[in-house]
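A short write-up of the structure that comes next.
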Amino acid sequence: MSAEPVREGRPWRPSPLIAGSFLLHGIALAALALHPAWWPQLLILLLGNHLLLTICGLVPRSRWLGPNITRLPRSAQARGEIAITIDDGPDPEVTPAVLDMLDRHGVRATFFCIGARAQRHPELCREIVRRGHAVENHSQHHGHNFSFMGPGAFRRELQQAQDTLTAITGRRPVFVRAPAGLRNPLLDPVLPGLGLRLASWTRRGFDTRTRDPGLLLRRLTRGLRAGDILLLHDGNSARTAAGEPIILVVLPRLLDQLAAAGLKPVTLREAHS
């Protein structure tokens with residue numbers, strides 16, 4: 001994975017799968033013109049191609065639709081760095097406590113913030129940046145229909161979040177994470193014009209549903225090594241049996257394990273600088 005910073009206007013290049021899909025459609029149209037009776041077989045072939053594209057969009061860590069950061073660059077791995085990413089905030093109850101925990105351990109994290117939530121809690125968003133963390137783009141509305149959008153809707157949704165988060169924090173996001181990691185082939189061509197790179201994760205603990213802190217911690221640390229990107233949530237965090245946001249129970253334990261393993265949490269921007 002390249003460590004070069006994002007440059008707005010970088011050209012879009014289709015992935016091999018997307019390029020192959022374009023070619024397949026062209027061949028199918030030519031074959032249909034020459035042999036109209038082949039239409040059932042050609043239709044099945046194209047439906048299979050679209051099914052494959054859909055499945056790739058439902059796999060958050062897939063790179064088949066385009067570039068997708070799932071681990072830190074080799075240079076960051078060599079430095080023993082790791083990234084903690086925190087989604088769906090800012091949350092007025094959970095985020096301040098998360099920031100205090102990160103401060104006590106002297107580490108930085110990347111917060112993928114929802115634009116509409118940032119508008120409701122702008123001071124909290126600014127506090128994230130003031131404490132040395134990074135705020136990145138997690139869409140404006142985090143709608144369940146995100147993966148069904150077309151290029152125009154993608155552009156409007158992400159541009160609005162870019163403008164919102166930049167106006168609040170004074171720093172323009174350079175990474176984007178799709179809501180729930182789900183997308184379709186029309187997202188990747190939009191990102192270069194917005195100066196964004198898609199980032200997912202190496203592993204996650206499913207902390208929006210898991211209520212068992214021990215299970216969540218095991219999921220996050222199983223096979224843990226330098227270069228990993230971990231996913232947690234301050235917004236939409238599940239609650240333990242005692243009613244406490246699970247990230248507040250697990251995060252201190254996670255940070256202790258990272259320190260014991262000699263791994264240094266950094267922001268995605270730091271890792272790619």
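Numbering starts fresh at 1 for the residues of each chain in the structure tokens, the chains themselves are lettered A, B, ... in the order given, and ligands are numbered from 1 as they appear.
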
**Report entry** Backbone-only DSSP, alpha helix (DSSP H) members of region 13-82 of chain A, as a ChimeraX atom specification
**Finding:** /A:16-34,39-57,74-78

Query raised in the report: Any idea what's packed within 9 Å of region 62-68 of chain A, counting only C-alpha atoms, ignoring anything in its chain fewer than 3 positions away? Could you give it as a list of chain:residue names?
Result: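 Result of the neighbour search: A:Arg13, A:Pro14, A:Ser15, A:Pro16, A:Leu17, A:Ile18, A:Leu53, A:Cys56, A:Gly57, A:Leu58, A:Val59, A:Asn184, A:Pro185, A:Leu186, A:Leu187, A:Asp188, A:Pro189, A:Arg197, A:Leu198, A:Ala199, A:Ser200.
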
Those selected residues, please, written with N, CA and C atoms and delivered as an mmCIF file, in the first residue's frame.
data_model
loop_
_atom_site.group_PDB
_atom_site.id
_atom_site.type_symbol
_atom_site.label_atom_id
_atom_site.label_comp_id
_atom_site.auth_asym_id
_atom_site.auth_seq_id
_atom_site.Cartn_x
_atom_site.Cartn_y
_atom_site.Cartn_z
ATOM 1 N N ARG A 13 -8.685 4.904 -12.119
ATOM 2 C CA ARG A 13 -8.307 3.763 -12.946
ATOM 3 C C ARG A 13 -9.158 2.573 -12.528
ATOM 4 N N PRO A 14 -9.897 1.989 -13.449
ATOM 5 C CA PRO A 14 -10.750 0.860 -13.074
ATOM 6 C C PRO A 14 -9.916 -0.340 -12.618
ATOM 7 N N SER A 15 -10.443 -1.052 -11.649
ATOM 8 C CA SER A 15 -9.788 -2.270 -11.193
ATOM 9 C C SER A 15 -9.856 -3.313 -12.305
ATOM 10 N N PRO A 16 -9.041 -4.361 -12.234
ATOM 11 C CA PRO A 16 -9.119 -5.416 -13.258
ATOM 12 C C PRO A 16 -10.521 -6.003 -13.403
ATOM 13 N N LEU A 17 -11.234 -6.159 -12.289
ATOM 14 C CA LEU A 17 -12.586 -6.712 -12.377
ATOM 15 C C LEU A 17 -13.511 -5.755 -13.116
ATOM 16 N N ILE A 18 -13.426 -4.465 -12.812
ATOM 17 C CA ILE A 18 -14.293 -3.493 -13.482
ATOM 18 C C ILE A 18 -13.941 -3.392 -14.961
ATOM 19 N N LEU A 53 -20.116 -8.599 -8.955
ATOM 20 C CA LEU A 53 -19.877 -7.206 -8.557
ATOM 21 C C LEU A 53 -20.631 -6.869 -7.274
ATOM 22 N N CYS A 56 -18.900 -8.447 -4.263
ATOM 23 C CA CYS A 56 -17.679 -7.719 -3.910
ATOM 24 C C CYS A 56 -18.006 -6.452 -3.124
ATOM 25 N N GLY A 57 -19.117 -5.803 -3.454
ATOM 26 C CA GLY A 57 -19.512 -4.609 -2.720
ATOM 27 C C GLY A 57 -20.004 -4.906 -1.322
ATOM 28 N N LEU A 58 -20.419 -6.151 -1.077
ATOM 29 C CA LEU A 58 -20.903 -6.548 0.241
ATOM 30 C C LEU A 58 -19.796 -7.084 1.138
ATOM 31 N N VAL A 59 -18.589 -7.149 0.608
ATOM 32 C CA VAL A 59 -17.429 -7.599 1.387
ATOM 33 C C VAL A 59 -16.590 -6.362 1.699
ATOM 34 N N ASN A 184 -20.906 -0.106 -3.806
ATOM 35 C CA ASN A 184 -21.113 -0.736 -5.107
ATOM 36 C C ASN A 184 -20.055 -0.200 -6.070
ATOM 37 N N PRO A 185 -19.969 -0.736 -7.300
ATOM 38 C CA PRO A 185 -18.888 -0.332 -8.213
ATOM 39 C C PRO A 185 -18.886 1.137 -8.594
ATOM 40 N N LEU A 186 -19.969 1.870 -8.337
ATOM 41 C CA LEU A 186 -20.046 3.268 -8.742
ATOM 42 C C LEU A 186 -19.396 4.216 -7.746
ATOM 43 N N LEU A 187 -18.980 3.699 -6.580
ATOM 44 C CA LEU A 187 -18.349 4.572 -5.585
ATOM 45 C C LEU A 187 -16.915 4.934 -5.972
ATOM 46 N N ASP A 188 -16.133 3.970 -6.355
ATOM 47 C CA ASP A 188 -14.705 4.199 -6.577
ATOM 48 C C ASP A 188 -14.413 5.319 -7.575
ATOM 49 N N PRO A 189 -15.133 5.436 -8.717
ATOM 50 C CA PRO A 189 -14.824 6.532 -9.648
ATOM 51 C C PRO A 189 -15.066 7.914 -9.075
ATOM 52 N N ARG A 197 -9.575 8.563 -0.153
ATOM 53 C CA ARG A 197 -9.185 7.159 -0.327
ATOM 54 C C ARG A 197 -10.053 6.303 0.580
ATOM 55 N N LEU A 198 -10.511 5.189 0.045
ATOM 56 C CA LEU A 198 -11.361 4.279 0.809
ATOM 57 C C LEU A 198 -10.510 3.494 1.799
ATOM 58 N N ALA A 199 -10.980 3.439 3.042
ATOM 59 C CA ALA A 199 -10.282 2.680 4.081
ATOM 60 C C ALA A 199 -11.283 1.804 4.811
ATOM 61 N N SER A 200 -10.951 0.535 4.952
ATOM 62 C CA SER A 200 -11.779 -0.346 5.758
ATOM 63 C C SER A 200 -11.004 -0.728 7.011
#

What are the closest atom pairs, with distances in Å to one decimal, for all residues of region 17-86 of chain A lying within 12 Å of region 258-266 of chain A? Consider only C-alpha atoms, order rows by chain and residue number, and present the result as CSV.
residue,atom,partner,partner_atom,distance
A:Leu72,CA,A:Val266,CA,10.1
A:Ala76,CA,A:Val266,CA,9.2
A:Gln77,CA,A:Leu263,CA,9.5
A:Ala78,CA,A:Leu263,CA,10.6
A:Arg79,CA,A:Lys264,CA,8.2
A:Gly80,CA,A:Leu263,CA,5.2
A:Glu81,CA,A:Lys264,CA,4.6
A:Ile82,CA,A:Pro265,CA,4.7
A:Ala83,CA,A:Pro265,CA,5.2
A:Ile84,CA,A:Pro265,CA,6.4
A:Thr85,CA,A:Val266,CA,9.6

Query raised in the report: Which residues come within 6 Å of region 122-139 of chain A, counting only C-alpha atoms, excluding same-chain residues fewer than 6 positions away, as a list in words?
Result: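 Everything that qualifies: Arg108, Ala109, Thr110, Phe111, Phe112, Cys113, Ile114, Leu158, Ala161, Thr169, Pro173, Phe175, Val176 and Arg177 of chain A.
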
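The interatomic distance for the pair CA of Ala116 (chain A) and CA of Arg156 (chain A) works out to 13.6 Å.
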
Query - Backbone DSSP call of strand (DSSP E or B) for region 32-229 of chain A, listed as a PyMOL selection string - result: chain A and resi 69+71+81-89+110-113+134-137+175-176+197-199+203-204+228-229

Go ahead and save the residues from that selection, with N, CA and C atoms, as a PDB file, in the first residue's frame.
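Final output, selection_23.pdb:
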ATOM      1  N   ILE A  69      -7.934   0.390   1.620  1.00  0.00           N
ATOM      2  CA  ILE A  69      -6.878   0.240   2.619  1.00  0.00           C
ATOM      3  C   ILE A  69      -7.363  -0.688   3.727  1.00  0.00           C
ATOM      4  N   ARG A  71      -4.757  -2.476   5.573  1.00  0.00           N
ATOM      5  CA  ARG A  71      -3.602  -2.516   6.471  1.00  0.00           C
ATOM      6  C   ARG A  71      -2.778  -1.260   6.241  1.00  0.00           C
ATOM      7  N   GLU A  81       3.718   0.275  14.000  1.00  0.00           N
ATOM      8  CA  GLU A  81       2.512   1.077  14.182  1.00  0.00           C
ATOM      9  C   GLU A  81       1.245   0.274  13.914  1.00  0.00           C
ATOM     10  N   ILE A  82       0.180   0.732  14.513  1.00  0.00           N
ATOM     11  CA  ILE A  82      -1.136   0.121  14.370  1.00  0.00           C
ATOM     12  C   ILE A  82      -2.142   1.265  14.386  1.00  0.00           C
ATOM     13  N   ALA A  83      -3.321   1.066  13.808  1.00  0.00           N
ATOM     14  CA  ALA A  83      -4.323   2.136  13.769  1.00  0.00           C
ATOM     15  C   ALA A  83      -5.596   1.692  14.469  1.00  0.00           C
ATOM     16  N   ILE A  84      -6.069   2.531  15.372  1.00  0.00           N
ATOM     17  CA  ILE A  84      -7.381   2.344  15.984  1.00  0.00           C
ATOM     18  C   ILE A  84      -8.329   3.322  15.303  1.00  0.00           C
ATOM     19  N   THR A  85      -9.377   2.798  14.678  1.00  0.00           N
ATOM     20  CA  THR A  85     -10.355   3.646  14.018  1.00  0.00           C
ATOM     21  C   THR A  85     -11.691   3.505  14.745  1.00  0.00           C
ATOM     22  N   ILE A  86     -12.386   4.631  14.905  1.00  0.00           N
ATOM     23  CA  ILE A  86     -13.598   4.673  15.722  1.00  0.00           C
ATOM     24  C   ILE A  86     -14.701   5.332  14.901  1.00  0.00           C
ATOM     25  N   ASP A  87     -15.788   4.609  14.678  1.00  0.00           N
ATOM     26  CA  ASP A  87     -16.826   5.023  13.734  1.00  0.00           C
ATOM     27  C   ASP A  87     -18.108   5.513  14.408  1.00  0.00           C
ATOM     28  N   ASP A  88     -18.887   6.234  13.602  1.00  0.00           N
ATOM     29  CA  ASP A  88     -20.298   6.571  13.850  1.00  0.00           C
ATOM     30  C   ASP A  88     -20.514   7.699  14.842  1.00  0.00           C
ATOM     31  N   GLY A  89     -19.474   8.372  15.270  1.00  0.00           N
ATOM     32  CA  GLY A  89     -19.656   9.503  16.173  1.00  0.00           C
ATOM     33  C   GLY A  89     -19.735  10.802  15.398  1.00  0.00           C
ATOM     34  N   THR A 110      -8.124   7.469  14.850  1.00  0.00           N
ATOM     35  CA  THR A 110      -8.817   8.067  13.718  1.00  0.00           C
ATOM     36  C   THR A 110     -10.314   7.907  13.931  1.00  0.00           C
ATOM     37  N   PHE A 111     -11.044   9.027  13.907  1.00  0.00           N
ATOM     38  CA  PHE A 111     -12.488   9.022  14.110  1.00  0.00           C
ATOM     39  C   PHE A 111     -13.175   9.233  12.763  1.00  0.00           C
ATOM     40  N   PHE A 112     -13.881   8.223  12.295  1.00  0.00           N
ATOM     41  CA  PHE A 112     -14.692   8.368  11.092  1.00  0.00           C
ATOM     42  C   PHE A 112     -16.056   8.894  11.535  1.00  0.00           C
ATOM     43  N   CYS A 113     -16.269  10.190  11.312  1.00  0.00           N
ATOM     44  CA  CYS A 113     -17.445  10.876  11.847  1.00  0.00           C
ATOM     45  C   CYS A 113     -18.530  11.040  10.786  1.00  0.00           C
ATOM     46  N   ALA A 134      -7.472  12.357  14.384  1.00  0.00           N
ATOM     47  CA  ALA A 134      -7.904  12.716  13.032  1.00  0.00           C
ATOM     48  C   ALA A 134      -9.393  12.463  12.878  1.00  0.00           C
ATOM     49  N   VAL A 135     -10.059  13.368  12.173  1.00  0.00           N
ATOM     50  CA  VAL A 135     -11.467  13.206  11.815  1.00  0.00           C
ATOM     51  C   VAL A 135     -11.541  12.935  10.320  1.00  0.00           C
ATOM     52  N   GLU A 136     -12.175  11.829   9.954  1.00  0.00           N
ATOM     53  CA  GLU A 136     -12.303  11.457   8.551  1.00  0.00           C
ATOM     54  C   GLU A 136     -13.773  11.269   8.188  1.00  0.00           C
ATOM     55  N   ASN A 137     -14.026  11.040   6.913  1.00  0.00           N
ATOM     56  CA  ASN A 137     -15.368  11.069   6.324  1.00  0.00           C
ATOM     57  C   ASN A 137     -16.064   9.713   6.459  1.00  0.00           C
ATOM     58  N   PHE A 175      -9.544  10.436   4.065  1.00  0.00           N
ATOM     59  CA  PHE A 175      -9.967   9.046   4.010  1.00  0.00           C
ATOM     60  C   PHE A 175     -11.478   8.979   4.175  1.00  0.00           C
ATOM     61  N   VAL A 176     -12.075   7.967   3.588  1.00  0.00           N
ATOM     62  CA  VAL A 176     -13.513   7.754   3.722  1.00  0.00           C
ATOM     63  C   VAL A 176     -13.751   6.284   4.060  1.00  0.00           C
ATOM     64  N   ARG A 197      -9.575   8.563  -0.153  1.00  0.00           N
ATOM     65  CA  ARG A 197      -9.185   7.159  -0.327  1.00  0.00           C
ATOM     66  C   ARG A 197     -10.053   6.303   0.580  1.00  0.00           C
ATOM     67  N   LEU A 198     -10.511   5.189   0.045  1.00  0.00           N
ATOM     68  CA  LEU A 198     -11.361   4.279   0.809  1.00  0.00           C
ATOM     69  C   LEU A 198     -10.510   3.494   1.799  1.00  0.00           C
ATOM     70  N   ALA A 199     -10.980   3.439   3.042  1.00  0.00           N
ATOM     71  CA  ALA A 199     -10.282   2.680   4.081  1.00  0.00           C
ATOM     72  C   ALA A 199     -11.283   1.804   4.811  1.00  0.00           C
ATOM     73  N   ARG A 203      -9.384  -5.960  11.150  1.00  0.00           N
ATOM     74  CA  ARG A 203     -10.338  -6.760  11.922  1.00  0.00           C
ATOM     75  C   ARG A 203     -11.230  -5.852  12.753  1.00  0.00           C
ATOM     76  N   ARG A 204     -12.382  -6.393  13.092  1.00  0.00           N
ATOM     77  CA  ARG A 204     -13.342  -5.671  13.912  1.00  0.00           C
ATOM     78  C   ARG A 204     -13.935  -6.622  14.945  1.00  0.00           C
ATOM     79  N   ASP A 228      -1.901  -3.495  11.521  1.00  0.00           N
ATOM     80  CA  ASP A 228      -3.330  -3.768  11.574  1.00  0.00           C
ATOM     81  C   ASP A 228      -4.132  -2.481  11.760  1.00  0.00           C
ATOM     82  N   ILE A 229      -5.335  -2.485  11.208  1.00  0.00           N
ATOM     83  CA  ILE A 229      -6.311  -1.414  11.412  1.00  0.00           C
ATOM     84  C   ILE A 229      -7.492  -2.018  12.148  1.00  0.00           C
TER      85      ILE A 229
END

**Report entry** Who sits within 7 Å of region 212-225 of chain A, only C-alpha atoms, same chain under 4 positions skipped, as a list in words
**Finding:** Arg203, Arg204, Gly205, Asp207, Leu230, Thr240, Ile246, Val249, Val250 and Leu254 of chain A

Okay, now the selection with N, CA and C atoms, as a PDB file, in the first residue's frame?
ATOM      1  N   ARG A 203      -9.384  -5.960  11.150  1.00  0.00           N
ATOM      2  CA  ARG A 203     -10.338  -6.760  11.922  1.00  0.00           C
ATOM      3  C   ARG A 203     -11.230  -5.852  12.753  1.00  0.00           C
ATOM      4  N   ARG A 204     -12.382  -6.393  13.092  1.00  0.00           N
ATOM      5  CA  ARG A 204     -13.342  -5.671  13.912  1.00  0.00           C
ATOM      6  C   ARG A 204     -13.935  -6.622  14.945  1.00  0.00           C
ATOM      7  N   GLY A 205     -14.527  -6.052  15.973  1.00  0.00           N
ATOM      8  CA  GLY A 205     -15.078  -6.884  17.041  1.00  0.00           C
ATOM      9  C   GLY A 205     -16.585  -6.971  17.023  1.00  0.00           C
ATOM     10  N   ASP A 207     -18.697  -4.517  17.639  1.00  0.00           N
ATOM     11  CA  ASP A 207     -19.064  -3.921  18.925  1.00  0.00           C
ATOM     12  C   ASP A 207     -20.363  -3.132  18.889  1.00  0.00           C
ATOM     13  N   LEU A 230      -7.768  -1.490  13.343  1.00  0.00           N
ATOM     14  CA  LEU A 230      -8.827  -2.035  14.180  1.00  0.00           C
ATOM     15  C   LEU A 230     -10.047  -1.114  14.135  1.00  0.00           C
ATOM     16  N   THR A 240     -22.934  -3.306  27.577  1.00  0.00           N
ATOM     17  CA  THR A 240     -22.681  -4.528  28.335  1.00  0.00           C
ATOM     18  C   THR A 240     -23.927  -4.878  29.148  1.00  0.00           C
ATOM     19  N   ILE A 246     -19.802  -0.637  25.456  1.00  0.00           N
ATOM     20  CA  ILE A 246     -18.782  -1.682  25.498  1.00  0.00           C
ATOM     21  C   ILE A 246     -17.399  -1.155  25.112  1.00  0.00           C
ATOM     22  N   VAL A 249     -15.361  -0.241  28.108  1.00  0.00           N
ATOM     23  CA  VAL A 249     -14.838  -1.376  28.882  1.00  0.00           C
ATOM     24  C   VAL A 249     -13.638  -1.994  28.183  1.00  0.00           C
ATOM     25  N   VAL A 250     -13.717  -2.109  26.858  1.00  0.00           N
ATOM     26  CA  VAL A 250     -12.701  -2.837  26.096  1.00  0.00           C
ATOM     27  C   VAL A 250     -11.495  -1.982  25.758  1.00  0.00           C
ATOM     28  N   LEU A 254      -7.553  -3.063  25.587  1.00  0.00           N
ATOM     29  CA  LEU A 254      -6.904  -3.122  24.278  1.00  0.00           C
ATOM     30  C   LEU A 254      -5.632  -2.295  24.271  1.00  0.00           C
TER      31      LEU A 254
END

Report summary line: Here CA of Ala118 (chain A) and CA of Phe206 (chain A) stand apart by 22.9 Å

Report task. Using only C-alpha atoms, pick whichever of A:Thr54, A:Gln119, A:Ser273, A:Gln257 has the shortest atom-to-atom distance to Ala167 (chain A). Result ->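 The closest residue to Ala167 (chain A) is A:Gln119.
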
Query raised in the report: To one decimal place, how far is CA of Pro96 (chain A) from CA of Asn236 (chain A) in Å?
Result: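 Computing it gives 14.7 Å between the two atoms.
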